[in-house]
Protein chains: 2
Amino acid sequence: MTVTLADVAARARVSPATVSRVLNGNYPVAEATRERVLRAVDELDYVLNGPASALAAATSDLVGVLVNDIADPFFGIMASAAQSAIGESATGRGGGEKLAVVCNTGGSAERELTYLTLLQRQRAAAVILMGGSLEDPEHLAATAGKLTKLAEAGTRVVLCGRPPTPGDASAAALVFDNRTGARRLTEHLLGLGHRRIGYVAGPADRTTTRHRLEGHRDALAAAGVAEGPTVHGPYDRASGHGAAAELLARDPHLTAVVAANDTVALGVCAALRERGLSLPGDVSVAGFDDLPFSVDAVPALTTVRLPLHETGARAGRLAMGAEEPPAGGVERVPGELVVRGSTGAPRG
Amino acid sequence: MTVTLADVAARARVSPATVSRVLNGNYPVAEATRERVLRAVDELDYVLNGPASALAAATSDLVGVLVNDIADPFFGIMASAAQSAIGESATGRGGGEKLAVVCNTGGSAERELTYLTLLQRQRAAAVILMGGSLEDPEHLAATAGKLTKLAEAGTRVVLCGRPPTPGDASAAALVFDNRTGARRLTEHLLGLGHRRIGYVAGPADRTTTRHRLEGHRDALAAAGVAEGPTVHGPYDRASGHGAAAELLARDPHLTAVVAANDTVALGVCAALRERGLSLPGDVSVAGFDDLPFSVDAVPALTTVRLPLHETGARAGRLAMGAEEPPAGGVERVPGELVVRGSTGAPRG
DNA sequence: CCAAGGATAGAAAGCGCTTTCCATCGGAGG
DNA sequence: CCTCCGATGGAAAGCGCTTTCTATCCTTGG
């Protein structure tokens, strides 16, 4: 049978209460006793029963990190940073280590809710939601309700790269200023002289997609330039690859393409090159996010750098209560335009 | 206060036992009763208390997925596939959904052990360890002990892309045939006529690093070609970038460089290009893994494709007991040489 | 030398659920 | 019409821990 706390107590010739106190370290225990207990723990190879502990204490040391796509470095980087931050600020009950776990929603509203419920079941200490959300009103309402309930139950809720859900004020939010970033990017292209700019957007109905597209349109409108063709698709390489052809079909005279993110931009570049077009000579291409591989693309990608690592780390600290939430609950995180070789002046 | 099962029972005018049975569905309950209970659950917005449930039933629905670096698509892809597979084979107690959680060890032996203990605490249903392990004997022994204990406690253990730990026969293992893959890759280079080949290896003391390096050496030895310079470093872009200079310093006449993986290869390419060398004209470069961006590199990367997605999915199914473990517990997963533009015949 | 108070440790009551017996009820078979 | 059995539902005993409330013991001050 498994070793229980009572076994340890018997072996150390103390009461279970004392063992618990030694393990949780939030109550004075004489040094000699403590050592005796620890020795017993060691000798018996005792492992605390998490569920029992969580049940009695009414909280667990689980911290959930929900991401849209774990295979996407955008999320991987943020999640990794958050996880490190959580590991470092071990301020749990009794200074206990938190178990940061990342859950892959695949961008599905349904799975997001499922995970949220599961985490609620587990009485998670905190939940971080990363990445833009679906803008379906029904889903939004369901999510807001869940988050409110979570917060009421004492779970800290942090949004990272995701706007606060209307109707839910329970969460601290770190939101990327996608709109301004996208505007800067398109302004850059306009400044170079481009007037026919195609746009490969992310999936429709997502906040990130919409904000970036709005920024792009803002810039065009401010400059009085007509909007070029736009294609929607997932945030992956194939999407960009397919969209490039579509864009060119809709306007053969495009001189620039802005992509929803760097991964998509890479697909666009590949498709363009396959058609014999040179970059940026024939067509300029820009991305978003500045993922690690973007600097190594050929030509290197012009993009908007988001402080993924730092923001993820902050989210982790917020989840641990190791950092004060921003005033008003929401903080806008700016992106930075990074101009590299993939954009240049149009020919002629 | 939170709603408990007893509240639901009261509302549905049945006993707590009946509610539990409806929720777990492993005992006959009359249709009318079941509906009454479900309605009560709905009306009260009841959420099962995970810890309490896990305590009473002595298992939880947590499945841990340990990865070395969550920001690396190599792991992201496998983890994502595993998580999907786990979600699909919902065969838990009462068909309950499993909570697949991924934990980032950062390649640290210590954190790996910490996570394993935490998962053991939670009485996880299964644990998947992804990626090569550290070959430190002490760590290996500690891990083997942990895994054995986990298995004894009823937790299914699956290794994915990681050789079985000596002294622990409790786990099913899916291991990539890194050695053969690496051999094929170097044979390809030798076949093109390369005789001075540099090698950028992963971190020392890791199984993956060693196996790939061995395969490389196998090929050289079989062809009677002297080994070129080798540099070790982490599996990231910066490592490749720095290593390229080092390699060239050690042998200015290199005609090819083999990298530990595609990410590293990208760094190598960048550094080479910065020095004004053309690819593959002056130097051929090869990677490993065939990550999504590899086909879009310029020139496209010659590499060894590993069935990351499929293997991750199989690991997930094994963890759920939805697939028979391989005979003997270990299965070798082959890689496939993919020749693309980054390798060519050496000049002259 | 005695009372008071701080420092430790123990007793015991749950935490919310699962599950093993049992009890009950209605109908089939004799 | 009575017995027996299958189908259902309830009672209650934990699962292993935390934590409040007490009990003790030793030290300290008067």
# chains A, B, ... in the order shown; residues from 1 in each chain; ligands from 1
>>> interface_residues(of="chain C", to="chain A", cutoff="8 Å", atoms="only C-alpha atoms (C1' of nucleotides)", output="list in words")
DT8, DA9, DG10, DC15 and DG16 of chain C
>>> write_last_selection(atoms="N, CA and C atoms (P, O5', C5', C4', C3', O3' and C1' of nucleotides)", output="CSV table (one decimal), in the first residue's frame")
chain,number,residue,atom,x,y,z
C,8,DT,P,9.1,26.7,19.6
C,8,DT,O5',8.5,25.2,19.6
C,8,DT,C5',7.2,25.1,20.1
C,8,DT,C4',7.1,23.7,20.6
C,8,DT,C3',6.8,22.7,19.5
C,8,DT,O3',7.2,21.4,19.9
C,8,DT,C1',4.8,23.0,20.9
C,9,DA,P,7.1,20.2,18.8
C,9,DA,O5',5.8,19.5,19.2
C,9,DA,C5',5.7,18.7,20.3
C,9,DA,C4',4.3,18.2,20.6
C,9,DA,C3',3.7,17.4,19.4
C,9,DA,O3',3.2,16.2,20.0
C,9,DA,C1',2.2,19.1,20.0
C,10,DG,P,2.7,15.0,19.0
C,10,DG,O5',1.2,14.9,19.5
C,10,DG,C5',0.9,14.9,20.9
C,10,DG,C4',-0.6,15.0,21.2
C,10,DG,C3',-1.4,14.1,20.3
C,10,DG,O3',-2.4,13.5,21.0
C,10,DG,C1',-2.1,16.3,20.0
C,15,DC,P,-17.5,20.0,6.4
C,15,DC,O5',-16.4,19.9,5.2
C,15,DC,C5',-15.4,20.9,5.1
C,15,DC,C4',-14.5,20.5,3.9
C,15,DC,C3',-15.3,19.9,2.8
C,15,DC,O3',-15.5,20.8,1.7
C,15,DC,C1',-13.3,18.6,3.3
C,16,DG,P,-17.1,21.0,1.2
C,16,DG,O5',-17.2,19.9,0.1
C,16,DG,C5',-16.3,19.8,-0.9
C,16,DG,C4',-16.4,18.5,-1.6
C,16,DG,C3',-17.8,18.1,-2.0
C,16,DG,O3',-17.7,17.6,-3.4
C,16,DG,C1',-16.8,16.3,-0.8
>>> interface_residues(of="chain A", to="chain B", cutoff="7 Å", atoms="only C-alpha atoms", output="number ranges by chain")
A: 47-52, 54-55, 70-73, 76-77, 80, 99-104, 118, 121-122, 266, 270, 296-298
>>> residues_around(residues="Pro326 (chain A)", least_positions_apart="4", cutoff="10 Å", atoms="only C-alpha atoms (C1' of nucleotides)", output="list in words")
Ala172, Ala173, Leu174, Leu318, Val330, Glu331 and Arg332 of chain A
>>> select_by_dssp(residues="region 230-329 of chain B", states="strand (DSSP E)", output="compact mmCIF listing (two decimals) with C-alpha atoms, in the first residue's frame")
# COMPACT_ATOMS: atom_id res chain seq x y z
CA THR B 230 32.38 19.24 -33.85
CA VAL B 231 30.85 21.88 -31.62
CA HIS B 232 28.25 21.32 -28.91
CA ALA B 256 29.39 20.94 -45.48
CA VAL B 257 27.89 21.36 -42.05
CA VAL B 258 25.46 19.00 -40.39
CA ALA B 259 23.40 20.52 -37.61
CA SER B 284 26.09 22.59 -47.89
CA VAL B 285 23.99 22.57 -44.73
CA ALA B 286 21.72 19.85 -43.38
CA THR B 303 16.92 17.16 -43.33
CA VAL B 304 15.62 13.97 -41.75
CA ARG B 305 11.90 13.97 -41.31
>>> interface_residues(of="chain D", to="chain B", cutoff="7 Å", atoms="only C-alpha atoms (C1' of nucleotides)", output="list of chain:residue names")
D:DT8, D:DG9, D:DG10, D:DC15
>>> write_last_selection(atoms="N, CA and C atoms (P, O5', C5', C4', C3', O3' and C1' of nucleotides)", output="PDB file, in the first residue's frame")
ATOM      1  P    DT D   8     -33.192  -0.439 -13.953  1.00  0.00           P
ATOM      2  O5'  DT D   8     -33.164   0.464 -12.663  1.00  0.00           O
ATOM      3  C5'  DT D   8     -33.437  -0.102 -11.473  1.00  0.00           C
ATOM      4  C4'  DT D   8     -33.906   0.822 -10.399  1.00  0.00           C
ATOM      5  C3'  DT D   8     -33.072   2.081 -10.163  1.00  0.00           C
ATOM      6  O3'  DT D   8     -33.931   3.105  -9.671  1.00  0.00           O
ATOM      7  C1'  DT D   8     -32.823   0.590  -8.334  1.00  0.00           C
ATOM      8  P    DG D   9     -33.362   4.620  -9.489  1.00  0.00           P
ATOM      9  O5'  DG D   9     -33.044   4.649  -7.935  1.00  0.00           O
ATOM     10  C5'  DG D   9     -34.158   4.625  -7.050  1.00  0.00           C
ATOM     11  C4'  DG D   9     -33.668   4.526  -5.621  1.00  0.00           C
ATOM     12  C3'  DG D   9     -32.702   5.636  -5.201  1.00  0.00           C
ATOM     13  O3'  DG D   9     -33.162   6.195  -3.984  1.00  0.00           O
ATOM     14  C1'  DG D   9     -31.786   3.495  -4.698  1.00  0.00           C
ATOM     15  P    DG D  10     -32.412   7.457  -3.319  1.00  0.00           P
ATOM     16  O5'  DG D  10     -31.939   6.771  -1.961  1.00  0.00           O
ATOM     17  C5'  DG D  10     -32.907   6.077  -1.180  1.00  0.00           C
ATOM     18  C4'  DG D  10     -32.268   5.486   0.052  1.00  0.00           C
ATOM     19  C3'  DG D  10     -31.360   6.444   0.815  1.00  0.00           C
ATOM     20  O3'  DG D  10     -31.549   6.229   2.201  1.00  0.00           O
ATOM     21  C1'  DG D  10     -30.113   4.540   0.147  1.00  0.00           C
ATOM     22  P    DC D  15      -9.761   4.335   4.758  1.00  0.00           P
ATOM     23  O5'  DC D  15      -9.465   5.293   3.526  1.00  0.00           O
ATOM     24  C5'  DC D  15      -9.662   4.848   2.176  1.00  0.00           C
ATOM     25  C4'  DC D  15      -9.384   6.028   1.274  1.00  0.00           C
ATOM     26  C3'  DC D  15      -8.258   6.917   1.784  1.00  0.00           C
ATOM     27  O3'  DC D  15      -7.072   6.618   1.050  1.00  0.00           O
ATOM     28  C1'  DC D  15     -10.204   8.215   1.127  1.00  0.00           C
TER      29       DC D  15
END
>>> select_by_dssp(residues="region 127-290 of chain A", states="alpha helix (DSSP H)", output="number ranges by chain")
A: 137-152, 178-192, 207-223, 237-250, 262-274
>>> residues_around(residues="region 253-255 of chain B", least_positions_apart="4", cutoff="8 Å", atoms="only C-alpha atoms (C1' of nucleotides)", output="MDAnalysis selection string")
chainID B and resid 194:198 248 282:284 346
>>> write_last_selection(atoms="C-alpha atoms", output="short mmCIF file (atom, residue, chain, number, x, y, z; two decimals), in the first residue's frame")
data_model
loop_
_atom_site.label_atom_id
_atom_site.label_comp_id
_atom_site.auth_asym_id
_atom_site.auth_seq_id
_atom_site.Cartn_x
_atom_site.Cartn_y
_atom_site.Cartn_z
CA HIS B 194 31.88 16.04 -49.40
CA ARG B 195 34.92 15.04 -47.39
CA ARG B 196 35.26 17.89 -44.92
CA ILE B 197 32.10 17.97 -42.88
CA GLY B 198 31.59 19.99 -39.73
CA LEU B 248 35.07 27.51 -39.99
CA ASP B 282 30.23 27.14 -51.03
CA VAL B 283 28.87 25.11 -48.16
CA SER B 284 26.09 22.59 -47.89
CA PRO B 346 31.00 20.57 -53.35
#
>>> residues_around(residues="DG14 (chain C)", least_positions_apart="2", cutoff="10 Å", atoms="only C-alpha atoms (C1' of nucleotides)", output="list in words")
Ala56 of chain A; DA12 of chain C; DT18 and DT19 of chain D
>>> decode(residues="region 244-305 of chain A", atoms="C-alpha atoms", output="mmCIF file, in the first residue's frame")
data_model
loop_
_atom_site.group_PDB
_atom_site.id
_atom_site.type_symbol
_atom_site.label_atom_id
_atom_site.label_comp_id
_atom_site.auth_asym_id
_atom_site.auth_seq_id
_atom_site.Cartn_x
_atom_site.Cartn_y
_atom_site.Cartn_z
ATOM 1 C CA ALA A 244 -0.579 34.574 -51.947
ATOM 2 C CA ALA A 245 -1.933 33.034 -55.126
ATOM 3 C CA GLU A 246 -5.419 34.228 -54.333
ATOM 4 C CA LEU A 247 -4.215 37.737 -53.648
ATOM 5 C CA LEU A 248 -2.285 37.910 -56.878
ATOM 6 C CA ALA A 249 -5.280 36.624 -58.766
ATOM 7 C CA ARG A 250 -7.393 39.400 -57.321
ATOM 8 C CA ASP A 251 -4.806 42.057 -58.062
ATOM 9 C CA PRO A 252 -1.894 41.084 -60.320
ATOM 10 C CA HIS A 253 -0.262 44.427 -59.692
ATOM 11 C CA LEU A 254 0.229 44.105 -55.956
ATOM 12 C CA THR A 255 3.541 45.457 -54.775
ATOM 13 C CA ALA A 256 3.260 44.413 -51.148
ATOM 14 C CA VAL A 257 1.622 41.833 -48.929
ATOM 15 C CA VAL A 258 1.049 42.153 -45.209
ATOM 16 C CA ALA A 259 0.552 38.864 -43.378
ATOM 17 C CA ALA A 260 -1.309 38.118 -40.170
ATOM 18 C CA ASN A 261 1.877 36.875 -38.563
ATOM 19 C CA ASP A 262 5.386 35.726 -39.380
ATOM 20 C CA THR A 263 4.491 32.125 -39.984
ATOM 21 C CA VAL A 264 1.905 33.133 -42.535
ATOM 22 C CA ALA A 265 4.378 35.589 -44.042
ATOM 23 C CA LEU A 266 6.827 32.773 -44.610
ATOM 24 C CA GLY A 267 4.214 30.906 -46.581
ATOM 25 C CA VAL A 268 3.533 34.009 -48.625
ATOM 26 C CA CYS A 269 7.230 34.415 -49.391
ATOM 27 C CA ALA A 270 7.499 30.816 -50.507
ATOM 28 C CA ALA A 271 4.516 31.090 -52.840
ATOM 29 C CA LEU A 272 5.764 34.339 -54.300
ATOM 30 C CA ARG A 273 9.158 32.873 -54.945
ATOM 31 C CA GLU A 274 7.624 29.837 -56.573
ATOM 32 C CA ARG A 275 5.986 32.163 -59.054
ATOM 33 C CA GLY A 276 9.338 33.637 -59.904
ATOM 34 C CA LEU A 277 8.826 36.919 -58.106
ATOM 35 C CA SER A 278 11.738 38.445 -56.250
ATOM 36 C CA LEU A 279 11.555 39.819 -52.727
ATOM 37 C CA PRO A 280 11.429 42.693 -52.095
ATOM 38 C CA GLY A 281 12.145 43.697 -55.679
ATOM 39 C CA ASP A 282 8.808 42.595 -57.108
ATOM 40 C CA VAL A 283 6.819 42.315 -53.936
ATOM 41 C CA SER A 284 7.482 43.387 -50.365
ATOM 42 C CA VAL A 285 6.247 41.128 -47.561
ATOM 43 C CA ALA A 286 5.742 41.945 -43.915
ATOM 44 C CA GLY A 287 4.805 39.780 -40.951
ATOM 45 C CA PHE A 288 3.894 40.240 -37.312
ATOM 46 C CA ASP A 289 5.248 38.980 -33.953
ATOM 47 C CA ASP A 290 8.943 38.666 -34.785
ATOM 48 C CA LEU A 291 9.281 34.985 -34.023
ATOM 49 C CA PRO A 292 12.801 33.600 -33.697
ATOM 50 C CA PHE A 293 13.042 32.325 -37.257
ATOM 51 C CA SER A 294 11.950 35.609 -38.793
ATOM 52 C CA VAL A 295 15.385 37.142 -38.726
ATOM 53 C CA ASP A 296 16.742 34.133 -40.611
ATOM 54 C CA ALA A 297 14.213 34.223 -43.376
ATOM 55 C CA VAL A 298 15.598 35.269 -46.739
ATOM 56 C CA PRO A 299 15.170 38.120 -47.047
ATOM 57 C CA ALA A 300 14.840 38.757 -43.329
ATOM 58 C CA LEU A 301 11.282 39.617 -42.409
ATOM 59 C CA THR A 302 10.081 43.116 -41.659
ATOM 60 C CA THR A 303 7.666 42.675 -38.796
ATOM 61 C CA VAL A 304 6.254 44.008 -35.544
ATOM 62 C CA ARG A 305 8.066 42.704 -32.533
#
